[in-house]
file final26.csv (CSV, C-alpha atoms)
chain,number,residue,atom,x,y,z
A,165,MET,CA,17.6,14.1,-16.7
A,166,ARG,CA,14.4,14.4,-14.6
A,167,ILE,CA,14.1,13.1,-11.1
A,168,MET,CA,10.8,12.9,-9.2
A,169,GLY,CA,10.6,12.7,-5.4
A,170,ILE,CA,7.4,11.6,-3.6
A,171,ASP,CA,6.4,12.0,0.0
A,172,PRO,CA,3.4,9.6,0.2
A,173,GLY,CA,0.6,10.1,2.8
A,174,THR,CA,-3.1,9.3,2.9
A,175,ASN,CA,-4.1,12.9,3.6
A,176,ILE,CA,-1.4,14.7,1.5
A,177,THR,CA,1.2,13.2,-0.9
A,178,GLY,CA,3.9,15.7,-1.8
A,179,VAL,CA,5.5,15.5,-5.2
A,180,GLY,CA,8.6,17.4,-6.5
A,181,ILE,CA,10.4,17.1,-9.8
A,182,ILE,CA,13.8,18.4,-10.6
A,183,GLU,CA,15.6,18.7,-13.9
A,184,VAL,CA,19.3,18.4,-14.2
A,185,ASP,CA,20.5,21.1,-16.6
A,186,ALA,CA,23.3,21.1,-19.2
A,187,ARG,CA,25.9,22.1,-16.5
A,188,GLY,CA,24.8,19.2,-14.4
A,189,GLU,CA,23.0,21.4,-11.9
A,190,PRO,CA,19.5,20.8,-10.5
A,191,ASP,CA,16.6,23.1,-11.5
A,192,LEU,CA,13.1,23.1,-10.4
A,193,CYS,CA,10.7,21.4,-12.8
A,194,HIS,CA,7.5,21.0,-10.8
A,195,TYR,CA,6.2,20.7,-7.3
A,196,GLY,CA,2.8,20.2,-5.8
A,197,CYS,CA,0.7,17.8,-3.8
A,198,ILE,CA,-2.3,15.4,-4.0
A,199,ARG,CA,-4.9,16.0,-1.3
A,200,THR,CA,-7.5,13.5,-0.6
A,201,SER,CA,-10.9,14.1,1.1
A,202,ARG,CA,-11.0,13.2,4.7
A,203,SER,CA,-14.6,12.1,4.3
A,204,ALA,CA,-13.7,9.6,1.5
A,205,LYS,CA,-13.1,6.0,2.5
A,206,ARG,CA,-9.5,4.8,2.6
A,207,PRO,CA,-9.6,2.6,-0.5
A,208,VAL,CA,-11.0,5.5,-2.5
A,209,ARG,CA,-8.3,7.8,-1.2
A,210,LEU,CA,-5.7,5.3,-2.2
A,211,GLN,CA,-7.2,5.1,-5.6
A,212,GLN,CA,-7.0,8.8,-6.0
A,213,ILE,CA,-3.4,8.9,-4.9
A,214,TYR,CA,-2.5,6.1,-7.3
A,215,ARG,CA,-4.3,7.8,-10.3
A,216,GLU,CA,-3.0,11.2,-9.7
A,217,LEU,CA,0.6,9.9,-9.3
A,218,ALA,CA,0.3,7.9,-12.5
A,219,ASP,CA,-1.0,11.0,-14.2
A,220,ILE,CA,1.9,13.2,-13.0
A,221,ILE,CA,4.4,10.5,-13.9
A,222,GLY,CA,2.8,10.2,-17.4
A,223,ARG,CA,2.9,14.0,-17.8
A,224,PHE,CA,6.4,14.7,-16.7
A,225,GLN,CA,8.1,11.4,-17.7
A,226,PRO,CA,10.7,11.3,-14.9
A,227,ASP,CA,13.8,9.2,-15.6
A,228,ALA,CA,14.0,8.3,-11.9
A,229,ILE,CA,11.6,8.2,-8.9
A,230,ALA,CA,12.7,8.4,-5.3
A,231,LEU,CA,11.0,8.3,-1.9
A,232,GLU,CA,11.8,8.0,1.8
A,233,ASP,CA,11.9,4.5,3.2
A,234,ILE,CA,10.2,5.6,6.4
A,235,PHE,CA,10.3,2.9,9.0
A,236,TYR,CA,9.3,4.8,12.1
A,237,SER,CA,5.9,6.0,13.3
A,238,ASP,CA,4.2,7.0,16.6
A,239,ASN,CA,2.0,3.9,16.6
A,240,ILE,CA,1.2,0.8,14.7
A,241,LYS,CA,-2.1,2.0,13.2
A,242,THR,CA,-0.5,5.1,11.7
A,243,ALA,CA,2.3,2.9,10.4
A,244,ILE,CA,-0.1,0.6,8.6
A,245,VAL,CA,-2.1,3.5,7.1
A,246,MET,CA,1.2,5.1,6.0
A,247,GLY,CA,2.2,1.8,4.5
A,248,GLU,CA,-0.9,1.7,2.4
A,249,ALA,CA,-0.1,5.0,0.8
A,250,ARG,CA,3.5,3.9,0.2
A,251,GLY,CA,2.2,0.7,-1.4
A,252,VAL,CA,0.1,2.5,-4.0
A,253,THR,CA,3.0,5.0,-4.5
A,254,LEU,CA,5.5,2.2,-5.2
A,255,LEU,CA,3.0,0.5,-7.5
A,256,ALA,CA,2.4,3.8,-9.5
A,257,ALA,CA,6.2,4.1,-10.0
A,258,VAL,CA,6.9,0.5,-11.0
A,259,ASN,CA,3.7,0.3,-13.2
A,260,THR,CA,5.1,3.2,-15.2
A,261,GLY,CA,8.3,1.3,-15.7
A,262,VAL,CA,10.5,3.2,-13.2
A,263,GLU,CA,11.9,1.3,-10.3
A,264,PRO,CA,11.7,3.6,-7.3
A,265,ALA,CA,14.8,4.3,-5.2
A,266,GLU,CA,14.4,4.6,-1.5
A,267,TYR,CA,16.4,6.7,1.0
A,268,SER,CA,16.3,6.9,4.8
A,269,PRO,CA,15.2,10.3,6.2
A,270,ARG,CA,18.8,10.5,7.6
A,271,GLU,CA,20.3,10.1,4.1
A,272,VAL,CA,17.9,12.8,2.7
A,273,LYS,CA,18.8,15.3,5.4
A,274,LEU,CA,22.5,14.5,5.1
A,275,ALA,CA,22.4,15.0,1.3
A,276,VAL,CA,20.4,18.3,1.4
A,277,VAL,CA,21.5,20.0,4.6
A,278,GLY,CA,24.7,18.1,5.4
A,279,ARG,CA,23.4,17.0,8.8
A,280,GLY,CA,21.4,13.8,9.4
A,281,ASN,CA,19.4,15.3,12.2
A,282,ALA,CA,18.4,18.5,10.4
A,283,SER,CA,15.0,20.1,11.1
A,284,LYS,CA,12.1,20.4,8.6
A,285,ASP,CA,12.8,24.2,8.4
A,286,GLN,CA,16.4,23.6,7.6
A,287,VAL,CA,15.4,21.1,4.9
A,288,GLN,CA,13.0,23.7,3.4
A,289,PHE,CA,15.6,26.4,3.5
A,290,MET,CA,18.3,24.3,1.8
A,291,VAL,CA,15.9,23.0,-0.9
A,292,ARG,CA,15.0,26.6,-1.7
A,293,GLN,CA,18.7,27.6,-1.7
A,294,ILE,CA,19.8,24.8,-4.0
A,295,LEU,CA,16.9,25.3,-6.5
A,296,GLY,CA,17.1,29.2,-6.2
A,297,LEU,CA,13.5,29.5,-5.1
A,298,ARG,CA,12.3,32.8,-3.4
A,299,GLU,CA,8.9,31.6,-2.3
A,300,GLU,CA,8.3,29.2,0.6
A,301,ILE,CA,7.5,25.7,-0.7
A,302,LYS,CA,4.0,24.8,0.3
A,303,PRO,CA,2.9,22.4,1.5
A,304,ALA,CA,5.9,21.1,3.5
A,305,ASP,CA,5.3,17.7,1.9
A,306,ALA,CA,6.3,19.1,-1.5
A,307,ALA,CA,9.5,20.4,0.0
A,308,ASP,CA,10.2,17.0,1.5
A,309,ALA,CA,9.5,15.4,-1.9
A,310,LEU,CA,12.0,17.9,-3.6
A,311,ALA,CA,14.5,17.0,-0.9
A,312,VAL,CA,14.2,13.3,-1.8
A,313,ALA,CA,14.7,14.1,-5.4
A,314,LEU,CA,17.8,16.2,-4.6
A,315,CYS,CA,19.1,13.3,-2.5
A,316,HIS,CA,18.8,10.9,-5.4
A,317,PHE,CA,20.4,13.5,-7.7
A,318,ASN,CA,23.3,13.7,-5.2
A,319,ARG,CA,23.7,9.9,-5.2
A,320,ILE,CA,23.8,9.8,-9.0
A,321,ARG,CA,26.3,12.6,-9.2
A,322,GLN,CA,28.6,10.7,-6.7
A,323,GLU,CA,28.3,7.6,-8.7
A,324,ILE,CA,29.2,9.4,-11.9
A,325,ARG,CA,32.2,11.0,-10.2
A,326,ARG,CA,33.4,7.7,-8.8
A,327,SER,CA,33.2,6.1,-12.2
A,328,LYS,CA,35.3,8.8,-13.9
B,184,MET,CA,-23.7,-14.3,-4.7
B,185,ARG,CA,-19.9,-14.6,-4.6
B,186,ILE,CA,-17.8,-13.2,-1.8
B,187,MET,CA,-14.0,-13.0,-1.9
B,188,GLY,CA,-11.8,-12.8,1.2
B,189,ILE,CA,-8.2,-11.6,1.0
B,190,ASP,CA,-5.4,-11.9,3.5
B,191,PRO,CA,-2.7,-9.6,2.2
B,192,GLY,CA,1.0,-10.0,2.8
B,193,THR,CA,4.2,-9.2,1.0
B,194,ASN,CA,5.4,-12.9,1.1
B,195,ILE,CA,2.0,-14.7,0.8
B,196,THR,CA,-1.4,-13.2,0.0
B,197,GLY,CA,-4.2,-15.7,0.8
B,198,VAL,CA,-7.4,-15.6,-1.3
B,199,GLY,CA,-10.6,-17.4,-0.7
B,200,ILE,CA,-13.9,-17.2,-2.6
B,201,ILE,CA,-17.3,-18.5,-1.5
B,202,GLU,CA,-20.5,-18.8,-3.4
B,203,VAL,CA,-23.8,-18.5,-1.7
B,204,ASP,CA,-26.1,-21.3,-3.1
B,205,ALA,CA,-29.8,-21.3,-3.8
B,206,ARG,CA,-30.6,-22.3,-0.2
B,207,GLY,CA,-28.6,-19.3,1.1
B,208,GLU,CA,-25.7,-21.5,2.3
B,209,PRO,CA,-22.0,-20.8,1.6
B,210,ASP,CA,-20.1,-23.2,-0.7
B,211,LEU,CA,-16.4,-23.2,-1.6
B,212,CYS,CA,-15.7,-21.6,-5.0
B,213,HIS,CA,-11.9,-21.2,-4.9
B,214,TYR,CA,-9.0,-20.8,-2.6
B,215,GLY,CA,-5.3,-20.3,-3.2
B,216,CYS,CA,-2.5,-17.8,-2.6
B,217,ILE,CA,-0.1,-15.4,-4.3
B,218,ARG,CA,3.5,-16.1,-3.4
B,219,THR,CA,6.2,-13.5,-4.3
B,220,SER,CA,9.9,-14.2,-4.6
B,221,ARG,CA,11.9,-13.1,-1.5
B,222,SER,CA,14.7,-12.1,-3.8
B,223,ALA,CA,12.5,-9.7,-5.8
B,224,LYS,CA,12.5,-6.0,-4.7
B,225,ARG,CA,9.5,-4.8,-2.7
B,226,PRO,CA,7.9,-2.6,-5.4
B,227,VAL,CA,8.1,-5.6,-7.9
B,228,ARG,CA,6.5,-7.9,-5.3
B,229,LEU,CA,3.7,-5.3,-4.7
B,230,GLN,CA,3.2,-5.2,-8.5
B,231,GLN,CA,2.9,-9.0,-8.6
B,232,ILE,CA,0.3,-9.0,-5.8
B,233,TYR,CA,-1.7,-6.2,-7.5
B,234,ARG,CA,-1.7,-7.9,-10.9
B,235,GLU,CA,-2.5,-11.4,-9.7
B,236,LEU,CA,-5.3,-10.1,-7.4
B,237,ALA,CA,-6.7,-8.1,-10.3
B,238,ASP,CA,-6.5,-11.2,-12.4
B,239,ILE,CA,-8.4,-13.4,-9.8
B,240,ILE,CA,-11.0,-10.7,-9.3
B,241,GLY,CA,-11.5,-10.5,-13.1
B,242,ARG,CA,-11.7,-14.2,-13.4
B,243,PHE,CA,-14.2,-14.9,-10.6
B,244,GLN,CA,-16.1,-11.6,-10.6
B,245,PRO,CA,-16.9,-11.5,-6.9
B,246,ASP,CA,-19.9,-9.3,-5.8
B,247,ALA,CA,-18.1,-8.4,-2.6
B,248,ILE,CA,-14.5,-8.3,-1.3
B,249,ALA,CA,-13.6,-8.4,2.3
B,250,LEU,CA,-10.3,-8.2,4.3
B,251,GLU,CA,-9.1,-7.9,7.8
B,252,ASP,CA,-8.4,-4.4,9.1
B,253,ILE,CA,-5.3,-5.4,10.9
B,254,PHE,CA,-4.1,-2.7,13.1
B,255,TYR,CA,-1.5,-4.5,15.2
B,256,SER,CA,2.0,-5.7,14.6
B,257,ASP,CA,5.1,-6.7,16.4
B,258,ASN,CA,7.0,-3.6,15.2
B,259,ILE,CA,6.7,-0.5,13.1
B,260,LYS,CA,8.7,-1.8,10.2
B,261,THR,CA,6.6,-4.9,9.8
B,262,ALA,CA,3.5,-2.7,10.1
B,263,ILE,CA,4.6,-0.4,7.2
B,264,VAL,CA,5.5,-3.4,5.0
B,265,MET,CA,2.2,-5.0,5.9
B,266,GLY,CA,0.4,-1.7,5.0
B,267,GLU,CA,2.1,-1.6,1.6
B,268,ALA,CA,0.6,-5.0,0.7
B,269,ARG,CA,-2.8,-3.9,2.1
B,270,GLY,CA,-2.6,-0.7,0.0
B,271,VAL,CA,-2.2,-2.5,-3.3
B,272,THR,CA,-4.9,-5.0,-2.2
B,273,LEU,CA,-7.4,-2.3,-1.5
B,274,LEU,CA,-6.5,-0.6,-4.8
B,275,ALA,CA,-7.0,-3.9,-6.7
B,276,ALA,CA,-10.5,-4.2,-5.2
B,277,VAL,CA,-11.6,-0.6,-5.7
B,278,ASN,CA,-10.1,-0.5,-9.2
B,279,THR,CA,-12.3,-3.4,-10.3
B,280,GLY,CA,-15.4,-1.5,-9.0
B,281,VAL,CA,-15.8,-3.4,-5.7
B,282,GLU,CA,-15.6,-1.4,-2.5
B,283,PRO,CA,-13.8,-3.6,0.0
B,284,ALA,CA,-15.4,-4.3,3.4
B,285,GLU,CA,-13.0,-4.6,6.4
B,286,TYR,CA,-13.4,-6.6,9.6
B,287,SER,CA,-11.3,-6.8,12.7
B,288,PRO,CA,-9.6,-10.1,13.5
B,289,ARG,CA,-12.0,-10.3,16.5
B,290,GLU,CA,-15.1,-10.0,14.3
B,291,VAL,CA,-13.8,-12.6,11.9
B,292,LYS,CA,-13.1,-15.1,14.7
B,293,LEU,CA,-16.4,-14.4,16.4
B,294,ALA,CA,-18.3,-14.9,13.1
B,295,VAL,CA,-16.5,-18.2,12.2
B,296,VAL,CA,-15.7,-19.8,15.5
B,297,GLY,CA,-18.1,-17.9,17.9
B,298,ARG,CA,-15.2,-16.8,20.0
B,299,GLY,CA,-13.3,-13.5,19.4
B,300,ASN,CA,-10.0,-15.0,20.7
B,301,ALA,CA,-10.1,-18.3,18.8
B,302,SER,CA,-6.8,-19.9,17.7
B,303,LYS,CA,-5.7,-20.2,14.0
B,304,ASP,CA,-6.3,-24.0,14.3
B,305,GLN,CA,-9.9,-23.4,15.4
B,306,VAL,CA,-10.5,-21.0,12.6
B,307,GLN,CA,-9.1,-23.5,10.1
B,308,PHE,CA,-11.3,-26.3,11.6
B,309,MET,CA,-14.5,-24.2,11.5
B,310,VAL,CA,-13.9,-23.0,8.0
B,311,ARG,CA,-13.6,-26.6,6.9
B,312,GLN,CA,-16.7,-27.6,8.8
B,313,ILE,CA,-18.8,-24.7,7.4
B,314,LEU,CA,-17.7,-25.4,3.8
B,315,GLY,CA,-17.6,-29.2,4.1
B,316,LEU,CA,-14.0,-29.6,3.2
B,317,ARG,CA,-12.1,-32.8,4.0
B,318,GLU,CA,-8.6,-31.5,3.2
B,319,GLU,CA,-6.6,-29.1,5.3
B,320,ILE,CA,-6.6,-25.7,3.7
B,321,LYS,CA,-3.1,-24.8,2.7
B,322,PRO,CA,-1.5,-22.3,3.2
B,323,ALA,CA,-3.1,-21.0,6.4
B,324,ASP,CA,-3.4,-17.6,4.7
B,325,ALA,CA,-6.0,-19.1,2.3
B,326,ALA,CA,-8.0,-20.4,5.3
B,327,ASP,CA,-7.8,-16.9,6.9
B,328,ALA,CA,-9.0,-15.4,3.6
B,329,LEU,CA,-12.0,-17.9,3.5
B,330,ALA,CA,-12.7,-16.9,7.1
B,331,VAL,CA,-13.0,-13.2,6.2
B,332,ALA,CA,-15.3,-14.1,3.3
B,333,LEU,CA,-17.5,-16.1,5.7
B,334,CYS,CA,-17.5,-13.2,8.1
B,335,HIS,CA,-18.7,-10.9,5.4
B,336,PHE,CA,-21.4,-13.5,4.4
B,337,ASN,CA,-22.5,-13.6,8.0
B,338,ARG,CA,-22.8,-9.9,8.1
B,339,ILE,CA,-24.9,-9.8,5.0
B,340,ARG,CA,-27.2,-12.6,6.2
B,341,GLN,CA,-27.8,-10.7,9.5
B,342,GLU,CA,-28.7,-7.6,7.6
B,343,ILE,CA,-31.1,-9.5,5.3
B,344,ARG,CA,-32.8,-11.1,8.4
B,345,ARG,CA,-33.0,-7.7,10.1
B,346,SER,CA,-34.6,-6.1,7.1
B,347,LYS,CA,-37.3,-8.9,6.9

call {"tool": "encode", "arguments": {"input": "final26.csv", "output": "structure tokens"}}
result
Amino acid sequence: MRIMGIDPGTNITGVGIIEVDARGEPDLCHYGCIRTSRSAKRPVRLQQIYRELADIIGRFQPDAIALEDIFYSDNIKTAIVMGEARGVTLLAAVNTGVEPAEYSPREVKLAVVGRGNASKDQVQFMVRQILGLREEIKPADAADALAVALCHFNRIRQEIRRSK
Amino acid sequence: MRIMGIDPGTNITGVGIIEVDARGEPDLCHYGCIRTSRSAKRPVRLQQIYRELADIIGRFQPDAIALEDIFYSDNIKTAIVMGEARGVTLLAAVNTGVEPAEYSPREVKLAVVGRGNASKDQVQFMVRQILGLREEIKPADAADALAVALCHFNRIRQEIRRSK
């Protein structure tokens, strides 16, 4: 089973894909990011995010897609721009036939670090531990995307255990 | 020349299309709205908005598309959800080869009513006056969409006059 996490943003959209191996443990499959040009107009940047996400989804064929349901922001303008990137991300998922799952930042941190108020560094550290990665995951958006994928994996594993 | 205005929203997306006639005056071409089911999940609703907008754009082939660049909201959550609908709207425009123009609510009201702080009712009244419509434009989102289209028409007319 392949799970894709996405951390959408107009400047950088992080993506992370994990593969659940035969023992039921998560392995790294792919991580990276989509960077858009700051000089490009917003609609064109959204188009780039949508196209590259659709391309990655087509290439890796994830069985599930998860992202954070971020409902906080410093200000309204940032929130709307953030929402625009989320909109095309959700569309890219649903247009490829995968209904995206959404988790709060607290749920993601709780699943990966065990503490709902964990720092970004702690999330990065634990994602590397869980997936056995020596190198730092760059950019941080990709580590966040892998964390969401691991959160979804955790949820699925819990559901399987409960149903046994 | 055909100009399409869009007022994006997760529940109701208003659309309004005007046609500039041989005398250079705006006539009504089409107005309506896309309603999504409140019981459907957000990604599915975004997909519906995107698909129906792409369908309307394909059917009416507007030369220009305009929407309000709303950067205010009562709260962050509403702003992000609003941004999601805007994101797929901008994508529908740019994916059909039309780069969307954006106007502030103040610019739209100024162009249609002549006052930047005009009420919704005044906008509705003036849109009907300009387009010679007897009936009330329902829903209000369609009237807002027509107002944005008229605002864009106004901008184009000013530019043509300036270049003469």

call {"tool": "interface_residues", "arguments": {"input": "final26.csv", "of": "chain B", "to": "chain A", "cutoff": "12 Å", "atoms": "only C-alpha atoms", "output": "PyMOL selection string"}}
result
chain B and resi 191-193+223-234+248+250+252-285

call {"tool": "write_last_selection", "arguments": {"input": "final26.csv", "atoms": "C-alpha atoms", "output": "PDB file, in the frame of the given file"}}
result
ATOM      1  CA  PRO B 191      -2.700  -9.600   2.200  1.00  0.00           C
ATOM      2  CA  GLY B 192       1.000 -10.000   2.800  1.00  0.00           C
ATOM      3  CA  THR B 193       4.200  -9.200   1.000  1.00  0.00           C
ATOM      4  CA  ALA B 223      12.500  -9.700  -5.800  1.00  0.00           C
ATOM      5  CA  LYS B 224      12.500  -6.000  -4.700  1.00  0.00           C
ATOM      6  CA  ARG B 225       9.500  -4.800  -2.700  1.00  0.00           C
ATOM      7  CA  PRO B 226       7.900  -2.600  -5.400  1.00  0.00           C
ATOM      8  CA  VAL B 227       8.100  -5.600  -7.900  1.00  0.00           C
ATOM      9  CA  ARG B 228       6.500  -7.900  -5.300  1.00  0.00           C
ATOM     10  CA  LEU B 229       3.700  -5.300  -4.700  1.00  0.00           C
ATOM     11  CA  GLN B 230       3.200  -5.200  -8.500  1.00  0.00           C
ATOM     12  CA  GLN B 231       2.900  -9.000  -8.600  1.00  0.00           C
ATOM     13  CA  ILE B 232       0.300  -9.000  -5.800  1.00  0.00           C
ATOM     14  CA  TYR B 233      -1.700  -6.200  -7.500  1.00  0.00           C
ATOM     15  CA  ARG B 234      -1.700  -7.900 -10.900  1.00  0.00           C
ATOM     16  CA  ILE B 248     -14.500  -8.300  -1.300  1.00  0.00           C
ATOM     17  CA  LEU B 250     -10.300  -8.200   4.300  1.00  0.00           C
ATOM     18  CA  ASP B 252      -8.400  -4.400   9.100  1.00  0.00           C
ATOM     19  CA  ILE B 253      -5.300  -5.400  10.900  1.00  0.00           C
ATOM     20  CA  PHE B 254      -4.100  -2.700  13.100  1.00  0.00           C
ATOM     21  CA  TYR B 255      -1.500  -4.500  15.200  1.00  0.00           C
ATOM     22  CA  SER B 256       2.000  -5.700  14.600  1.00  0.00           C
ATOM     23  CA  ASP B 257       5.100  -6.700  16.400  1.00  0.00           C
ATOM     24  CA  ASN B 258       7.000  -3.600  15.200  1.00  0.00           C
ATOM     25  CA  ILE B 259       6.700  -0.500  13.100  1.00  0.00           C
ATOM     26  CA  LYS B 260       8.700  -1.800  10.200  1.00  0.00           C
ATOM     27  CA  THR B 261       6.600  -4.900   9.800  1.00  0.00           C
ATOM     28  CA  ALA B 262       3.500  -2.700  10.100  1.00  0.00           C
ATOM     29  CA  ILE B 263       4.600  -0.400   7.200  1.00  0.00           C
ATOM     30  CA  VAL B 264       5.500  -3.400   5.000  1.00  0.00           C
ATOM     31  CA  MET B 265       2.200  -5.000   5.900  1.00  0.00           C
ATOM     32  CA  GLY B 266       0.400  -1.700   5.000  1.00  0.00           C
ATOM     33  CA  GLU B 267       2.100  -1.600   1.600  1.00  0.00           C
ATOM     34  CA  ALA B 268       0.600  -5.000   0.700  1.00  0.00           C
ATOM     35  CA  ARG B 269      -2.800  -3.900   2.100  1.00  0.00           C
ATOM     36  CA  GLY B 270      -2.600  -0.700   0.000  1.00  0.00           C
ATOM     37  CA  VAL B 271      -2.200  -2.500  -3.300  1.00  0.00           C
ATOM     38  CA  THR B 272      -4.900  -5.000  -2.200  1.00  0.00           C
ATOM     39  CA  LEU B 273      -7.400  -2.300  -1.500  1.00  0.00           C
ATOM     40  CA  LEU B 274      -6.500  -0.600  -4.800  1.00  0.00           C
ATOM     41  CA  ALA B 275      -7.000  -3.900  -6.700  1.00  0.00           C
ATOM     42  CA  ALA B 276     -10.500  -4.200  -5.200  1.00  0.00           C
ATOM     43  CA  VAL B 277     -11.600  -0.600  -5.700  1.00  0.00           C
ATOM     44  CA  ASN B 278     -10.100  -0.500  -9.200  1.00  0.00           C
ATOM     45  CA  THR B 279     -12.300  -3.400 -10.300  1.00  0.00           C
ATOM     46  CA  GLY B 280     -15.400  -1.500  -9.000  1.00  0.00           C
ATOM     47  CA  VAL B 281     -15.800  -3.400  -5.700  1.00  0.00           C
ATOM     48  CA  GLU B 282     -15.600  -1.400  -2.500  1.00  0.00           C
ATOM     49  CA  PRO B 283     -13.800  -3.600   0.000  1.00  0.00           C
ATOM     50  CA  ALA B 284     -15.400  -4.300   3.400  1.00  0.00           C
ATOM     51  CA  GLU B 285     -13.000  -4.600   6.400  1.00  0.00           C
TER      52      GLU B 285
END

call {"tool": "residues_around", "arguments": {"input": "final26.csv", "residues": "range 298-303 of chain A", "least_positions_apart": "5", "cutoff": "10 Å", "atoms": "all atoms listed in the file", "output": "PyMOL selection string"}}
result
chain A and resi 176-179+195-197+288-289+291-293+308+310

call {"tool": "atom_distance", "arguments": {"input": "final26.csv", "atom1": "CA of Phe224 in chain A", "atom2": "CA of Asp285 in chain A"}}
result
27.6 Å

call {"tool": "atom_distance", "arguments": {"input": "final26.csv", "atom1": "CA of Ile186 in chain B", "atom2": "CA of Ser203 in chain A"}}
result
26.2 Å

call {"tool": "residues_around", "arguments": {"input": "final26.csv", "residues": "Val203 in chain B", "least_positions_apart": "6", "cutoff": "9 Å", "atoms": "all atoms listed in the file", "output": "number ranges by chain"}}
result
B: 184-186, 209-211, 336

call {"tool": "write_last_selection", "arguments": {"input": "final26.csv", "atoms": "C-alpha atoms", "output": "short mmCIF file (atom, residue, chain, number, x, y, z; two decimals), keeping the file's coordinate frame"}}
result
data_model
loop_
_atom_site.label_atom_id
_atom_site.label_comp_id
_atom_site.auth_asym_id
_atom_site.auth_seq_id
_atom_site.Cartn_x
_atom_site.Cartn_y
_atom_site.Cartn_z
CA MET B 184 -23.70 -14.30 -4.70
CA ARG B 185 -19.90 -14.60 -4.60
CA ILE B 186 -17.80 -13.20 -1.80
CA PRO B 209 -22.00 -20.80 1.60
CA ASP B 210 -20.10 -23.20 -0.70
CA LEU B 211 -16.40 -23.20 -1.60
CA PHE B 336 -21.40 -13.50 4.40
#

call {"tool": "atom_distance", "arguments": {"input": "final26.csv", "atom1": "CA of His194 in chain A", "atom2": "CA of Ile320 in chain A"}}
result
19.9 Å
